[in-house]
Each structure stands twice: as C-alpha cells, then as structure tokens.
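Please read the structure below before turning to the comments.
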Amino acid sequence: MKMINGLYAAAALASALVAMPAVAATPIVSAGKLTGATGVEIGGKSYDVAFLDGTCGSVFGACNASHFTFTSLSSAMTASNALLSQVFVNGAAGAFDTRPNLTAGCTSSVVCNILIPYAQGFGVVLAGDAVNSFTTSLDFSAPASIGANASTATLGSYVYAKFTPSVTAAVPEPATWAMMFAGFGLMGAALRYRKRSTKLSFA
C-alpha cells in the first residue's frame, strides 16, 4: 500500500512540475534600459542576446548568413517568440513588455521591432521580427525585411538582436525535471518493495 502511495506522490509531483511555466531569461539593464538578456532558451539551447543599433554589417561584423546565429525563417521566428515570452516581460527589473521605449535602441512608446536576421540578398536583410507593443495582446512575431545599409539608429522603433550561445549549459525544461523526479521516485519505490519482499528462511 505504501508503494502505491509513493507512486501517487511521484505522479503528483511530476504533474505539478509539468504545469510550471518555463523560467524567464535574466534581463541585462543599464541606466533603466533593457540592453539584452542571458539564458534565453531556444530549441533546447541557451543563448545570450544583446540589442544593438546600427547597420547589419556594423552589428554582425558582416551582413551575411555566416555571421547570423539563425539562418532560416523558422529558426528566426522561434527566436522571436522566445524574446516575447522570456525577455519582454514585466517584472522587478522593469515594465519591458508594456513600455517598448525601455528597450535599448527604441524610442517609440507604442512599439519596438526587434530584428533577428537570417539571410541577406540583393541589398535586403530578411529577418524575424519580435513586435513588442505597449499592450501584451498586440505582441506578435512576423517576417520582416530592412535595407542592408539602413541603420536602425535612425529608426526609432527598430533594433537588431544579436544572439550568442550561452557559456553555461541550458537549464532543463520543467517537463524534463518532472520525468527525472518521477523516475527517481519509481526507482526508490521499487527498491523499498524489493527489500520487503525478500525473506530469508533457515532450515
């Protein structure tokens, strides 16, 4: 009976951990402005991001796919969604979700477009766009383009996002923790059951 109760407890813990939201990234703030973040989880990997103004070439060293972290529309859009859900959130560090002008490079109080380039051709940079507006319900990700020689410094509602892999290992998702704890619980219960069922008899 105790083994069954232990299994129920392990299952309850696993369910609770699965229901937990993913941990938000750690914002980097300078003089009240959001300049980037560390620990942004994208596709099971951890990245650090910096919000930088300038031309594509000045921000990334060269304006081509070999200098971009994400090289497809789908991966750039995944990164865009990660920014909206993990970085542009209201918290103790600032109201970064509802005050777009708190993001470095953005002066508009209505919207900030964070560009994540993935390709360049014919003088145009193709990017995923994390659109962070003054109200959460209007935040979204969309494909975007900008001139390769255009500087976001002259565009009050645009800034580039430059991603680099985090030095530290990615933190497991809550579902992974849940599976680990459930596995440990089941192993413990099985060992306890085995101990009790083993009886020695002497003739």
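By order in the structure tokens, chains are A, B, ...; within a chain, residues start at 1; ligands start at 1, following the order shown.
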Using only C-alpha atoms, determine which residues lie at most 10 Å from A:Phe68, disregarding the query and same-chain residues fewer than 3 positions distant; provide the list as an NGL selection string.
:A and (60-65 or 71-72 or 76 or 116-120 or 162-164)
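Comparing the minimum interatomic distances between A:Asp139 and each of A:Cys112, A:Val49, A:Leu102, A:Leu73, counting only C-alpha atoms, we find that A:Cys112 sits nearest.
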Rounded to one decimal place, report the atom CA of A:Arg99-atom CA of A:Ile146 distance in Å.
23.6 Å
Spatial neighbours of A:Thr103, max dist 9 Å, only C-alpha atoms, sep filter under 4 positions, as a PyMOL selection string:
chain A and resi 32-36+51+88+96+99+107+112+159
Could those selected residues go to a file with N, CA, C and O atoms, as a compact mmCIF listing (two decimals), in the first residue's frame?
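Produced file selection_38.txt, reproduced below:
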# COMPACT_ATOMS: atom_id res chain seq x y z
N GLY A 32 18.40 51.90 -16.66
CA GLY A 32 16.97 51.71 -16.82
C GLY A 32 16.54 51.15 -18.16
O GLY A 32 15.35 50.91 -18.38
N LYS A 33 17.49 50.93 -19.06
CA LYS A 33 17.18 50.41 -20.40
C LYS A 33 17.53 48.93 -20.49
O LYS A 33 18.57 48.48 -20.00
N LEU A 34 16.65 48.17 -21.15
CA LEU A 34 16.90 46.75 -21.40
C LEU A 34 17.88 46.63 -22.56
O LEU A 34 17.53 46.92 -23.70
N THR A 35 19.11 46.22 -22.29
CA THR A 35 20.13 46.13 -23.33
C THR A 35 20.33 44.71 -23.84
O THR A 35 21.04 44.50 -24.82
N GLY A 36 19.71 43.75 -23.18
CA GLY A 36 19.84 42.36 -23.60
C GLY A 36 19.36 41.43 -22.51
O GLY A 36 18.66 41.84 -21.58
N PHE A 51 20.77 43.88 -27.61
CA PHE A 51 20.01 44.73 -28.52
C PHE A 51 20.92 45.87 -28.96
O PHE A 51 21.37 46.67 -28.13
N PHE A 88 10.75 40.03 -22.99
CA PHE A 88 9.86 41.19 -22.92
C PHE A 88 8.68 40.88 -21.99
O PHE A 88 7.55 40.67 -22.42
N PHE A 96 9.16 45.91 -19.25
CA PHE A 96 9.68 45.77 -20.60
C PHE A 96 8.65 45.28 -21.61
O PHE A 96 8.84 45.42 -22.81
N ARG A 99 6.23 48.77 -22.01
CA ARG A 99 6.90 50.04 -22.28
C ARG A 99 8.03 49.81 -23.28
O ARG A 99 9.19 49.63 -22.90
N THR A 107 12.86 54.22 -29.25
CA THR A 107 12.38 55.44 -28.60
C THR A 107 10.86 55.57 -28.65
O THR A 107 10.28 56.39 -27.96
N CYS A 112 8.16 48.43 -30.41
CA CYS A 112 9.58 48.21 -30.69
C CYS A 112 9.69 46.95 -31.53
O CYS A 112 9.16 45.90 -31.14
N VAL A 159 15.47 47.79 -33.76
CA VAL A 159 16.78 47.48 -33.20
C VAL A 159 17.12 46.04 -33.57
O VAL A 159 16.21 45.21 -33.76
Residue contacts of A:Leu84 (10 Å, only C-alpha atoms) excluding same-chain residues fewer than 4 positions away, as a PyMOL selection string:
chain A and resi 79-80+88-89+96-97+114+130-132+136+139-141
Assign secondary structure with DSSP using the backbone only, and return the residues of stretch 78-122 of chain A in strand (DSSP E or B) as a ChimeraX atom specification.
/A:90-91,94-95,103,111-121
What does the file look like for those residues with N, CA, C and O atoms, as a PDB file, in the first residue's frame?
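Printed below is again33.pdb as written:
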ATOM      1  N   ASN A  90       7.064  41.990 -17.955  1.00  0.00           N
ATOM      2  CA  ASN A  90       7.083  42.969 -16.873  1.00  0.00           C
ATOM      3  C   ASN A  90       7.556  42.288 -15.593  1.00  0.00           C
ATOM      4  O   ASN A  90       7.107  41.190 -15.268  1.00  0.00           O
ATOM      5  N   GLY A  91       8.466  42.936 -14.898  1.00  0.00           N
ATOM      6  CA  GLY A  91       8.973  42.360 -13.662  1.00  0.00           C
ATOM      7  C   GLY A  91       9.655  43.413 -12.822  1.00  0.00           C
ATOM      8  O   GLY A  91       9.550  44.617 -13.085  1.00  0.00           O
ATOM      9  N   GLY A  94      11.840  45.963 -14.639  1.00  0.00           N
ATOM     10  CA  GLY A  94      11.211  46.989 -15.464  1.00  0.00           C
ATOM     11  C   GLY A  94       9.990  46.458 -16.195  1.00  0.00           C
ATOM     12  O   GLY A  94       9.794  45.253 -16.305  1.00  0.00           O
ATOM     13  N   ALA A  95       9.189  47.385 -16.697  1.00  0.00           N
ATOM     14  CA  ALA A  95       7.967  47.014 -17.445  1.00  0.00           C
ATOM     15  C   ALA A  95       8.319  46.880 -18.926  1.00  0.00           C
ATOM     16  O   ALA A  95       7.831  47.623 -19.778  1.00  0.00           O
ATOM     17  N   THR A 103      13.420  49.541 -24.109  1.00  0.00           N
ATOM     18  CA  THR A 103      14.379  48.679 -24.801  1.00  0.00           C
ATOM     19  C   THR A 103      15.424  49.549 -25.485  1.00  0.00           C
ATOM     20  O   THR A 103      15.077  50.511 -26.191  1.00  0.00           O
ATOM     21  N   VAL A 111       5.600  50.914 -29.971  1.00  0.00           N
ATOM     22  CA  VAL A 111       6.058  49.611 -30.445  1.00  0.00           C
ATOM     23  C   VAL A 111       7.574  49.600 -30.631  1.00  0.00           C
ATOM     24  O   VAL A 111       8.177  50.629 -30.925  1.00  0.00           O
ATOM     25  N   CYS A 112       8.161  48.426 -30.413  1.00  0.00           N
ATOM     26  CA  CYS A 112       9.579  48.208 -30.689  1.00  0.00           C
ATOM     27  C   CYS A 112       9.689  46.947 -31.527  1.00  0.00           C
ATOM     28  O   CYS A 112       9.161  45.898 -31.145  1.00  0.00           O
ATOM     29  N   ASN A 113      10.342  47.048 -32.670  1.00  0.00           N
ATOM     30  CA  ASN A 113      10.540  45.907 -33.567  1.00  0.00           C
ATOM     31  C   ASN A 113      11.970  45.389 -33.383  1.00  0.00           C
ATOM     32  O   ASN A 113      12.935  46.097 -33.704  1.00  0.00           O
ATOM     33  N   ILE A 114      12.096  44.179 -32.881  1.00  0.00           N
ATOM     34  CA  ILE A 114      13.414  43.601 -32.641  1.00  0.00           C
ATOM     35  C   ILE A 114      13.707  42.629 -33.782  1.00  0.00           C
ATOM     36  O   ILE A 114      13.034  41.601 -33.940  1.00  0.00           O
ATOM     37  N   LEU A 115      14.701  42.961 -34.589  1.00  0.00           N
ATOM     38  CA  LEU A 115      15.001  42.202 -35.807  1.00  0.00           C
ATOM     39  C   LEU A 115      16.042  41.119 -35.559  1.00  0.00           C
ATOM     40  O   LEU A 115      17.107  41.383 -34.983  1.00  0.00           O
ATOM     41  N   ILE A 116      15.730  39.905 -36.022  1.00  0.00           N
ATOM     42  CA  ILE A 116      16.636  38.767 -35.915  1.00  0.00           C
ATOM     43  C   ILE A 116      16.941  38.298 -37.342  1.00  0.00           C
ATOM     44  O   ILE A 116      16.163  37.549 -37.940  1.00  0.00           O
ATOM     45  N   PRO A 117      18.043  38.779 -37.937  1.00  0.00           N
ATOM     46  CA  PRO A 117      18.323  38.459 -39.346  1.00  0.00           C
ATOM     47  C   PRO A 117      18.710  37.001 -39.547  1.00  0.00           C
ATOM     48  O   PRO A 117      19.336  36.387 -38.681  1.00  0.00           O
ATOM     49  N   TYR A 118      18.306  36.455 -40.701  1.00  0.00           N
ATOM     50  CA  TYR A 118      18.679  35.082 -41.024  1.00  0.00           C
ATOM     51  C   TYR A 118      19.242  34.942 -42.433  1.00  0.00           C
ATOM     52  O   TYR A 118      19.855  33.925 -42.764  1.00  0.00           O
ATOM     53  N   ALA A 119      19.064  35.961 -43.280  1.00  0.00           N
ATOM     54  CA  ALA A 119      19.580  35.899 -44.653  1.00  0.00           C
ATOM     55  C   ALA A 119      19.705  37.315 -45.209  1.00  0.00           C
ATOM     56  O   ALA A 119      19.075  38.252 -44.712  1.00  0.00           O
ATOM     57  N   GLN A 120      20.538  37.448 -46.266  1.00  0.00           N
ATOM     58  CA  GLN A 120      20.708  38.734 -46.926  1.00  0.00           C
ATOM     59  C   GLN A 120      20.909  38.503 -48.412  1.00  0.00           C
ATOM     60  O   GLN A 120      21.608  37.576 -48.815  1.00  0.00           O
ATOM     61  N   GLY A 121      20.279  39.302 -49.198  1.00  0.00           N
ATOM     62  CA  GLY A 121      20.441  39.183 -50.635  1.00  0.00           C
ATOM     63  C   GLY A 121      19.870  40.389 -51.356  1.00  0.00           C
ATOM     64  O   GLY A 121      18.874  40.969 -50.917  1.00  0.00           O
TER      65      GLY A 121
END
Out of A:Met77, A:Cys56, A:Val167, A:Leu83, which residue has the shortest atom-to-atom distance to A:Gly147 when counting only C-alpha atoms?
A:Cys56
